[in-house]
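Undergrad: PDB, C-alpha atoms, pLDDT in the B column, saved as start19.pdb, coming up:
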ATOM      1  CA  MET A 272      97.516   4.501 100.852  1.00 55.00           C
ATOM      2  CA  LYS A 273     101.228   5.057 101.514  1.00 62.00           C
ATOM      3  CA  ARG A 274     100.487   7.600 104.262  1.00 63.00           C
ATOM      4  CA  GLU A 275      98.056   5.150 105.893  1.00 64.00           C
ATOM      5  CA  VAL A 276     100.701   2.440 105.950  1.00 59.00           C
ATOM      6  CA  ILE A 277     103.333   4.814 107.340  1.00 64.00           C
ATOM      7  CA  GLY A 278     100.915   6.066 109.996  1.00 63.00           C
ATOM      8  CA  SER A 279     100.057   2.516 111.001  1.00 64.00           C
ATOM      9  CA  ILE A 280     103.721   1.582 111.158  1.00 69.00           C
ATOM     10  CA  LEU A 281     104.464   4.617 113.345  1.00 65.00           C
ATOM     11  CA  THR A 282     101.631   3.768 115.696  1.00 71.00           C
ATOM     12  CA  VAL A 283     102.778   0.175 116.005  1.00 66.00           C
ATOM     13  CA  MET A 284     106.396   1.283 116.551  1.00 72.00           C
ATOM     14  CA  VAL A 285     105.374   3.614 119.374  1.00 73.00           C
ATOM     15  CA  LEU A 286     103.196   0.984 121.024  1.00 69.00           C
ATOM     16  CA  VAL A 287     105.965  -1.636 120.787  1.00 67.00           C
ATOM     17  CA  LEU A 288     108.511   0.812 122.188  1.00 70.00           C
ATOM     18  CA  LEU A 289     106.212   1.688 125.049  1.00 70.00           C
ATOM     19  CA  THR A 290     105.446  -1.966 125.748  1.00 68.00           C
ATOM     20  CA  LEU A 291     109.137  -2.817 125.884  1.00 66.00           C
ATOM     21  CA  THR A 292     109.824   0.175 128.101  1.00 63.00           C
ATOM     22  CA  ALA A 293     106.958  -0.760 130.412  1.00 58.00           C
ATOM     23  CA  GLU A 294     108.198  -4.353 130.723  1.00 57.00           C
ATOM     24  CA  ALA A 295     111.742  -3.237 131.551  1.00 58.00           C
ATOM     25  CA  ALA A 296     110.705  -0.561 134.058  1.00 55.00           C
ATOM     26  CA  PRO A 297     109.597  -1.316 137.603  1.00 60.00           C
ATOM     27  CA  LYS A 298     105.820  -1.552 137.829  1.00 60.00           C
ATOM     28  CA  ASN A 299     103.752   1.480 138.861  1.00 61.00           C
ATOM     29  CA  THR A 300     106.395   3.997 137.797  1.00 66.00           C
ATOM     30  CA  MET A 301     106.537   6.537 135.016  1.00 62.00           C
ATOM     31  CA  PRO A 302     109.701   6.976 132.930  1.00 64.00           C
ATOM     32  CA  VAL A 303     112.022   9.622 134.303  1.00 71.00           C
ATOM     33  CA  ASN A 304     111.464  12.956 132.593  1.00 69.00           C
ATOM     34  CA  ASP A 305     114.839  13.460 130.905  1.00 69.00           C
ATOM     35  CA  GLU A 306     114.708  16.660 128.846  1.00 67.00           C
ATOM     36  CA  SER A 307     118.365  16.486 127.789  1.00 66.00           C
ATOM     37  CA  LEU A 308     117.802  14.620 124.506  1.00 69.00           C
ATOM     38  CA  ARG A 309     114.859  16.639 123.221  1.00 69.00           C
ATOM     39  CA  ARG A 310     114.989  17.815 119.621  1.00 66.00           C
ATOM     40  CA  GLY A 311     112.929  20.955 120.075  1.00 80.00           C
ATOM     41  CA  GLU A 312     109.233  20.229 119.475  1.00 85.00           C
ATOM     42  CA  LYS A 313     107.370  22.788 121.588  1.00 85.00           C
ATOM     43  CA  SER A 314     103.789  22.354 120.363  1.00 88.00           C
ATOM     44  CA  ALA A 315     101.258  20.404 122.408  1.00 91.00           C
ATOM     45  CA  THR A 316      99.987  17.059 121.156  1.00 93.00           C
ATOM     46  CA  LEU A 317      96.428  16.776 119.910  1.00 94.00           C
ATOM     47  CA  ASP A 318      93.671  15.653 122.258  1.00 96.00           C
ATOM     48  CA  PRO A 319      93.378  11.852 122.032  1.00 96.00           C
ATOM     49  CA  ALA A 320      89.599  12.033 122.506  1.00 96.00           C
ATOM     50  CA  GLN A 321      89.150  13.487 119.013  1.00 96.00           C
ATOM     51  CA  PHE A 322      90.125  10.186 117.368  1.00 95.00           C
ATOM     52  CA  ARG A 323      87.699   7.298 116.845  1.00 95.00           C
ATOM     53  CA  GLU A 324      90.125   4.402 116.452  1.00 94.00           C
ATOM     54  CA  ALA A 325      91.227   2.996 119.822  1.00 94.00           C
ATOM     55  CA  LYS A 326      94.851   2.382 118.785  1.00 94.00           C
ATOM     56  CA  VAL A 327      95.227   5.920 117.499  1.00 94.00           C
ATOM     57  CA  ARG A 328      93.636   7.340 120.663  1.00 95.00           C
ATOM     58  CA  GLU A 329      96.031   5.295 122.792  1.00 95.00           C
ATOM     59  CA  ALA A 330      99.077   6.418 120.789  1.00 94.00           C
ATOM     60  CA  TYR A 331      98.113  10.091 121.174  1.00 94.00           C
ATOM     61  CA  ARG A 332      97.428   9.558 124.891  1.00 95.00           C
ATOM     62  CA  VAL A 333     100.884   8.099 125.396  1.00 94.00           C
ATOM     63  CA  ALA A 334     102.488  10.860 123.338  1.00 93.00           C
ATOM     64  CA  ARG A 335     100.817  13.386 125.642  1.00 94.00           C
ATOM     65  CA  GLU A 336     102.081  11.562 128.760  1.00 93.00           C
ATOM     66  CA  ILE A 337     105.743  11.199 127.755  1.00 91.00           C
ATOM     67  CA  PRO A 338     106.536  13.859 125.147  1.00 91.00           C
ATOM     68  CA  TRP A 339     110.223  14.026 126.113  1.00 89.00           C
ATOM     69  CA  VAL A 340     110.640  10.395 124.987  1.00 89.00           C
ATOM     70  CA  LEU A 341     109.057  10.888 121.558  1.00 90.00           C
ATOM     71  CA  ASP A 342     110.849  14.212 121.096  1.00 88.00           C
ATOM     72  CA  SER A 343     114.172  12.391 121.427  1.00 89.00           C
ATOM     73  CA  ILE A 344     113.338   9.867 118.663  1.00 87.00           C
ATOM     74  CA  TYR A 345     113.963  10.417 114.962  1.00 84.00           C
ATOM     75  CA  CYS A 346     110.846   9.918 112.841  1.00 81.00           C
ATOM     76  CA  TYR A 347     111.539   7.258 110.232  1.00 79.00           C
ATOM     77  CA  CYS A 348     108.754   8.317 107.879  1.00 77.00           C
ATOM     78  CA  GLN A 349     111.158  11.093 106.878  1.00 75.00           C
ATOM     79  CA  CYS A 350     108.727  13.882 107.679  1.00 73.00           C
ATOM     80  CA  GLU A 351     111.695  15.731 109.186  1.00 72.00           C
ATOM     81  CA  GLU A 352     113.231  16.077 105.724  1.00 74.00           C
ATOM     82  CA  SER A 353     109.925  16.757 103.975  1.00 77.00           C
ATOM     83  CA  PRO A 354     109.366  20.393 102.944  1.00 77.00           C
ATOM     84  CA  ALA A 355     105.669  19.836 103.628  1.00 77.00           C
ATOM     85  CA  PHE A 356     106.128  18.801 107.274  1.00 78.00           C
ATOM     86  CA  ARG A 357     109.574  19.828 108.583  1.00 77.00           C
ATOM     87  CA  HIS A 358     109.039  17.833 111.765  1.00 82.00           C
ATOM     88  CA  LYS A 359     111.657  18.005 114.501  1.00 84.00           C
ATOM     89  CA  SER A 360     111.120  14.486 115.897  1.00 87.00           C
ATOM     90  CA  LEU A 361     108.600  11.683 116.253  1.00 89.00           C
ATOM     91  CA  LEU A 362     106.658  13.897 118.688  1.00 90.00           C
ATOM     92  CA  SER A 363     105.958  16.329 115.844  1.00 88.00           C
ATOM     93  CA  CYS A 364     103.755  13.677 114.231  1.00 89.00           C
ATOM     94  CA  TYR A 365     101.469  13.941 117.276  1.00 93.00           C
ATOM     95  CA  VAL A 366     101.033  17.720 117.297  1.00 90.00           C
ATOM     96  CA  ASP A 367      98.937  17.334 114.155  1.00 88.00           C
ATOM     97  CA  ASN A 368      97.010  14.418 112.678  1.00 88.00           C
ATOM     98  CA  HIS A 369     100.067  13.029 110.856  1.00 86.00           C
ATOM     99  CA  ALA A 370     100.413  10.045 113.214  1.00 87.00           C
ATOM    100  CA  SER A 371      96.755   9.109 112.736  1.00 87.00           C
ATOM    101  CA  VAL A 372      96.838   8.930 108.961  1.00 83.00           C
TER     102      VAL A 372
END
Represent the structure contained in this file as structure tokens.
TA:
Amino acid sequence: MKREVIGSILTVMVLVLLTLTAEAAPKNTMPVNDESLRRGEKSATLDPAQFREAKVREAYRVAREIPWVLDSIYCYCQCEESPAFRHKSLLSCYVDNHASV
């Protein structure tokens, strides 16, 4: 139950962040790919098509489009400190099914 709540919170946080970013950015433009703040996640994100829930699919799609943004954000579910996960950033939650749970 706790993991489901954390996963839902993460998904909502990412979608809110992306919505705010999209509203502030000029229309029809992608965020500038700024690699300077990355925290070191090198693995590819999972394929969004493998998820049934639309919100989860959308979150994984966005993570695949702008990995440098998510890799510069600390993950507040504390999976970075967890011996089980040892994630490097919020992007790490999208290289496995952690963000979907």
Undergrad: Going by the chain IDs and residue numbers used in this file, which residues fall under the PyMOL selection byres ((chain A and resi 330) around 10)? Write them as number ranges by chain.
TA: A: 281-286, 289, 319, 325-329, 331-336, 365, 370-371
Undergrad: Tell me, in Å to one decimal, how far atom CA of Leu341 of chain A is from atom CA of Ser363 of chain A.
TA: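 Distance reported for this atom pair: 8.5 Å.
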Undergrad: What does the structure give for the distance between atom CA of Lys313 of chain A and atom CA of Ile344 of chain A, in Å to one decimal?
TA: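 Atom CA of Lys313 of chain A sits 14.5 Å away from atom CA of Ile344 of chain A.
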Undergrad: What is the atom CA of Lys359 of chain A to atom CA of Cys346 of chain A distance in Å?
TA: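 About the pair atom CA of Lys359 of chain A and atom CA of Cys346 of chain A: they are 8.3 Å apart.
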Undergrad: Here is a test: counting all atoms listed in the file, which residue of A:Cys364, A:Gln321, A:Thr316, A:His358 is nearest to Ile337 of chain A?
TA: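 Going through A:Cys364, A:Gln321, A:Thr316, A:His358 one by one, the smallest distance to Ile337 of chain A is for A:Thr316.
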Undergrad: Scan for residues within 7 Å of the point (106.7, 18.8, 119.0) in the coordinates of the file, using only C-alpha atoms, and reply as a CSV table (one decimal) with C-alpha atoms, in the frame of the given file.
TA:
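Written out: out28.csv:
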chain,number,residue,atom,x,y,z
A,311,GLY,CA,112.9,21.0,120.1
A,312,GLU,CA,109.2,20.2,119.5
A,313,LYS,CA,107.4,22.8,121.6
A,314,SER,CA,103.8,22.4,120.4
A,315,ALA,CA,101.3,20.4,122.4
A,342,ASP,CA,110.8,14.2,121.1
A,359,LYS,CA,111.7,18.0,114.5
A,360,SER,CA,111.1,14.5,115.9
A,362,LEU,CA,106.7,13.9,118.7
A,363,SER,CA,106.0,16.3,115.8
A,366,VAL,CA,101.0,17.7,117.3
